[in-house]
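Peer 1: A single structure is presented below for examination.
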Amino acid sequence: MKTVIAVIAALFIIAFQNCSNVTFGTQAKPQQAAGLPDDSTPLGDLPSCEGVSCELTPLTSKPAVTTILLALGDESNQQLVVNAKSAQFIAESVVRYSSPAAKPKILLVRDSNSGDESKEDWTYAASLLVRYDVTPIDEPSAGLTASDLAGYDLVWINNPGAPMGKVESRDALIAFKGAVVLQGDDLAWGKNFSMTELTGLKFIDNGTSVRCEDGRVYNHNDNGGEQYWVNLNPEQMTGVSSSAVQFRYGNDIDNTTPAREDLQILASAKGGPDTCTSTRPAIVRYLR
């Protein structure tokens with residue numbers, strides 16, 4: 001595993017050594033936008049960058065808790081579901097919005113309840129964070145403790161396709177005074193416990209189906225049914241050149257509603273065909 005991380009990280013370093021323009025924009029279909037690849041981008045097609053996509057200056061003066069309800073490294077037919085440029089932009093922007101530290105020390109934790117779904121997502125998350133000081137670990141068998149988190153500015157929990165496994169880890173993260181990032185499309189709920197106090201989201205269901213205004217239900221799971229449209233909020237995710245980065249996502253995204261008045265929605269997702277209009281949070285944060 002460490003060898004795989006090192007190889008992908010080396011590829012990212014090469015990509016960032018020769019930054020070029022990246023254009024993000026709103027479009028009817030992602031592949032029609034200038035500068036954006038097709039919905040599915042090969043794992044090896046890594047992004048170049050300019051401006052905010054290369055800039056690591058913090059965008060917050062206080063630590064925040066940010067929840068990304070996406071598996072950034074999810075693959076379908078050996079191709080990325082979220083294109084690499086969008087994933088890189090999201091990962092670095094979320095760090096900047098979550099930690100006020102200029103050079104944050106990041107603990108990247110693979111949740112013990114991750115299972116086999118999108119099992120390369122943890123490796124891919126490490127590659128997206130290659131320009132930071134990152135320590136990747138597997139979640140301890142008894143869950144995270146305060147001593148595990150000591151000395152880190154930001155703790156990034158990765159679990160691409162299952163709820164958080166250990167309530168002990170949730171409690172340690174609630175008590176932690178630094179920044180927290182929860183990344184995975186089922187992390188709005190825990191295995192027999194609530195995540196609301198940590199995420200600021202009220203869990204409704206796991207998003208494998210979407211009921212639209214006409215009463216029809218559409219399947220959204222395992223890249224085999226309808227796809228969500230994910231839109232980054234250009235007023236929050238600054239640096240987007242046109243409007244919002246928009247891309248398809250074929251797995252389930254937890255159906256939630258804000259449980260805090262101060263919760264900021266950095267990205268939203270819309271399920272079903274174009275005739276459906278209701279949206280749900282996809283990336284949210286609040287200040288600690």
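Labels used: A, B, ... for chains in the order of the structure tokens, numbers from 1 for residues in each chain, and numbers from 1 for ligands as shown.
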Please report, as an MDAnalysis selection string, each residue of segment 67-262 of chain A to which DSSP assigns alpha helix (DSSP H) when run on this structure's backbone.
Peer 2: chainID A and resid 84:98 121:128 146:149 167:175 196:199
Peer 1: Pull the strand (DSSP E) assignments for segment 129-232 of chain A out of DSSP run on the backbone, and list those residues as an MDAnalysis selection string.
Peer 2: chainID A and resid 133:138 154:158 179:183 189:190 193:194 201:205 209:211 217:219 228:232
Peer 1: Do a neighbour search on Ser61 of chain A at 12 Å with only C-alpha atoms, toss out local chain neighbours closer than 4 positions, and write the hits as a VMD selection string.
Peer 2: chain A and resid 57 96 to 102 178 to 179 287 to 288
Peer 1: Separation of atom CA of Met237 of chain A and atom CA of Ser169 of chain A, in Å?
Peer 2: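 Atom CA of Ser169 of chain A lies 28.3 Å from atom CA of Met237 of chain A.
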Peer 1: Extract, using only C-alpha atoms, all DNA, RNA and protein residues at most 8 Å from segment 218-224 of chain A, discarding same-chain residues fewer than 3 positions from it, and format them as an MDAnalysis selection string.
Peer 2: chainID A and resid 76 207:212 227:228 249:252 271:272
Peer 1: Using all heavy atoms, can you write the selected residues to a file as a short mmCIF file (atom, residue, chain, number, x, y, z; two decimals), in the first residue's frame?
Peer 2:
data_model
loop_
_atom_site.label_atom_id
_atom_site.label_comp_id
_atom_site.auth_asym_id
_atom_site.auth_seq_id
_atom_site.Cartn_x
_atom_site.Cartn_y
_atom_site.Cartn_z
N SER A 76 -15.33 3.40 -11.99
CA SER A 76 -16.27 2.58 -12.75
C SER A 76 -15.58 2.19 -14.05
O SER A 76 -15.09 3.05 -14.78
CB SER A 76 -17.55 3.37 -13.05
OG SER A 76 -18.44 2.60 -13.84
N GLY A 207 -29.50 7.46 0.32
CA GLY A 207 -29.46 8.03 -1.03
C GLY A 207 -29.35 7.05 -2.18
O GLY A 207 -29.03 7.45 -3.29
N THR A 208 -29.64 5.76 -1.94
CA THR A 208 -29.57 4.80 -3.04
C THR A 208 -30.75 4.95 -4.00
O THR A 208 -30.71 4.42 -5.11
CB THR A 208 -29.54 3.36 -2.51
OG1 THR A 208 -30.67 3.14 -1.65
CG2 THR A 208 -28.26 3.10 -1.74
N SER A 209 -31.76 5.69 -3.58
CA SER A 209 -32.87 6.00 -4.48
C SER A 209 -33.33 7.42 -4.23
O SER A 209 -33.18 7.95 -3.13
CB SER A 209 -34.04 5.02 -4.28
OG SER A 209 -34.57 5.13 -2.97
N VAL A 210 -33.87 8.04 -5.26
CA VAL A 210 -34.34 9.43 -5.19
C VAL A 210 -35.78 9.48 -5.67
O VAL A 210 -36.09 9.00 -6.77
CB VAL A 210 -33.47 10.36 -6.04
CG1 VAL A 210 -34.08 11.75 -6.12
CG2 VAL A 210 -32.06 10.44 -5.48
N ARG A 211 -36.67 10.02 -4.84
CA ARG A 211 -38.06 10.22 -5.26
C ARG A 211 -38.21 11.66 -5.76
O ARG A 211 -37.98 12.61 -5.02
CB ARG A 211 -39.02 9.97 -4.09
CG ARG A 211 -40.51 10.14 -4.47
CD ARG A 211 -41.41 9.87 -3.28
NE ARG A 211 -41.31 8.50 -2.83
CZ ARG A 211 -41.99 7.48 -3.36
NH1 ARG A 211 -42.86 7.70 -4.34
NH2 ARG A 211 -41.84 6.27 -2.89
N CYS A 212 -38.60 11.79 -7.02
CA CYS A 212 -38.72 13.12 -7.61
C CYS A 212 -40.13 13.69 -7.40
O CYS A 212 -41.01 13.01 -6.86
CB CYS A 212 -38.40 13.06 -9.10
SG CYS A 212 -36.64 12.75 -9.42
N GLN A 227 -27.46 9.11 -12.33
CA GLN A 227 -26.29 9.76 -11.73
C GLN A 227 -26.70 11.10 -11.12
O GLN A 227 -27.53 11.81 -11.65
CB GLN A 227 -25.20 10.00 -12.80
CG GLN A 227 -24.57 8.73 -13.34
CD GLN A 227 -23.50 9.04 -14.35
OE1 GLN A 227 -23.66 9.90 -15.21
NE2 GLN A 227 -22.37 8.35 -14.25
N TYR A 228 -26.08 11.41 -9.98
CA TYR A 228 -26.26 12.73 -9.39
C TYR A 228 -25.47 13.75 -10.19
O TYR A 228 -24.41 13.45 -10.74
CB TYR A 228 -25.75 12.75 -7.94
CG TYR A 228 -26.62 12.03 -6.94
CD1 TYR A 228 -26.33 10.73 -6.55
CD2 TYR A 228 -27.73 12.66 -6.37
CE1 TYR A 228 -27.11 10.07 -5.62
CE2 TYR A 228 -28.52 12.00 -5.45
CZ TYR A 228 -28.21 10.71 -5.07
OH TYR A 228 -29.00 10.06 -4.16
N TYR A 249 -22.00 11.93 -10.59
CA TYR A 249 -21.60 10.99 -9.53
C TYR A 249 -22.61 9.86 -9.51
O TYR A 249 -23.79 10.07 -9.27
CB TYR A 249 -21.55 11.71 -8.18
CG TYR A 249 -20.93 10.88 -7.09
CD1 TYR A 249 -19.54 10.73 -7.00
CD2 TYR A 249 -21.71 10.23 -6.14
CE1 TYR A 249 -18.96 9.96 -6.01
CE2 TYR A 249 -21.13 9.47 -5.13
CZ TYR A 249 -19.76 9.34 -5.07
OH TYR A 249 -19.18 8.57 -4.08
N GLY A 250 -22.15 8.62 -9.75
CA GLY A 250 -23.05 7.50 -9.96
C GLY A 250 -23.34 6.65 -8.75
O GLY A 250 -24.15 5.72 -8.82
N ASN A 251 -22.68 6.91 -7.61
CA ASN A 251 -22.96 6.16 -6.39
C ASN A 251 -24.00 6.90 -5.56
O ASN A 251 -24.42 8.01 -5.90
CB ASN A 251 -21.68 5.95 -5.59
CG ASN A 251 -21.24 4.49 -5.58
OD1 ASN A 251 -22.06 3.59 -5.40
ND2 ASN A 251 -19.96 4.25 -5.78
N ASP A 252 -24.43 6.28 -4.45
CA ASP A 252 -25.40 6.93 -3.58
C ASP A 252 -24.74 8.07 -2.80
O ASP A 252 -23.57 8.00 -2.44
CB ASP A 252 -26.00 5.92 -2.61
CG ASP A 252 -24.94 5.22 -1.77
OD1 ASP A 252 -24.31 4.27 -2.29
OD2 ASP A 252 -24.73 5.61 -0.61
N GLY A 271 -30.39 14.56 -7.76
CA GLY A 271 -30.56 13.23 -8.30
C GLY A 271 -31.66 13.14 -9.33
O GLY A 271 -32.38 14.12 -9.59
N GLY A 272 -31.80 11.96 -9.94
CA GLY A 272 -32.84 11.73 -10.92
C GLY A 272 -32.55 12.38 -12.25
O GLY A 272 -31.50 12.98 -12.46
#
Peer 1: What does the distance between atom CA of Asp262 of chain A and atom CA of Tyr286 of chain A come to in Å, to one decimal place?
Peer 2: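 According to the coordinates, atom CA of Asp262 of chain A and atom CA of Tyr286 of chain A are separated by 6.3 Å.
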Peer 1: Quick one: pull the distance between atom CA of Ile90 of chain A and atom CA of Leu128 of chain A, Å, one decimal.
Peer 2: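 Atom-to-atom, atom CA of Ile90 of chain A to atom CA of Leu128 of chain A, that is 9.2 Å.
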Peer 1: Have a look at A:Leu69, A:Ala162, A:Val155, A:Ala87 and name the one nearest to Gly115 of chain A; count only C-alpha atoms.
Peer 2: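 For Gly115 of chain A, the nearest of the given residues is A:Ala162.
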Peer 1: Find the spatial neighbours of Arg170 of chain A, counting only C-alpha atoms, within a cut-off of 9 Å - ignore same-chain residues fewer than 4 positions away - and output them as a PDB file with C-alpha atoms, in the first residue's frame.
Peer 2:
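To be explicit, this is the file written out as part13.pdb:
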ATOM      1  CA  GLY A 143     -11.093   3.654  17.738  1.00  0.00           C
ATOM      2  CA  LEU A 144      -9.249   6.970  17.728  1.00  0.00           C
ATOM      3  CA  MET A 164     -18.406   5.404  10.297  1.00  0.00           C
ATOM      4  CA  GLY A 165     -17.581   2.253  12.225  1.00  0.00           C
ATOM      5  CA  LYS A 166     -16.586   3.316  15.745  1.00  0.00           C
ATOM      6  CA  ILE A 174     -15.940  15.884  18.605  1.00  0.00           C
ATOM      7  CA  ALA A 175     -13.502  16.599  21.466  1.00  0.00           C
ATOM      8  CA  GLY A 190     -22.599   5.881  11.937  1.00  0.00           C
ATOM      9  CA  MET A 195     -23.163  11.578  13.367  1.00  0.00           C
ATOM     10  CA  LEU A 198     -20.062  15.991  14.344  1.00  0.00           C
TER      11      LEU A 198
END
Peer 1: Restricting the calculation to only C-alpha atoms, which member of A:Gly151, A:Pro234, A:Pro273, A:Pro140 is positioned closest to Arg248 of chain A?
Peer 2: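 Comparing A:Gly151, A:Pro234, A:Pro273, A:Pro140 against Arg248 of chain A, the winner is A:Pro273.
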Peer 1: Would you mind telling me which residue in A:Asp214, A:Glu235, A:Asp254, A:Asp171 lies nearest to Trp189 of chain A when using only C-alpha atoms?
Peer 2: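 Closest to Trp189 of chain A, using only C-alpha atoms: A:Asp254.
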Peer 1: Which one of A:Phe203, A:Tyr132, A:Tyr124, A:Trp156 sits closest to Val82 of chain A if you count only C-alpha atoms?
Peer 2: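 Going through A:Phe203, A:Tyr132, A:Tyr124, A:Trp156 one by one, the smallest distance to Val82 of chain A is for A:Tyr124.
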Peer 1: For Ala267 of chain A, which of A:Ala126, A:Val134, A:Leu182, A:Ile68 is the closest residue, counting only C-alpha atoms?
Peer 2: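 Selected residue with least distance to Ala267 of chain A: A:Ile68.
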Peer 1: Can you pull out every residue within 9 Å of Thr279 of chain A, counting only C-alpha atoms, but drop anything in the same chain fewer than 6 positions away, and send it as a list in words?
Peer 2: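 Surrounding residues, per the criterion: Ser268, Ala269, Lys270 and Gly271 of chain A.
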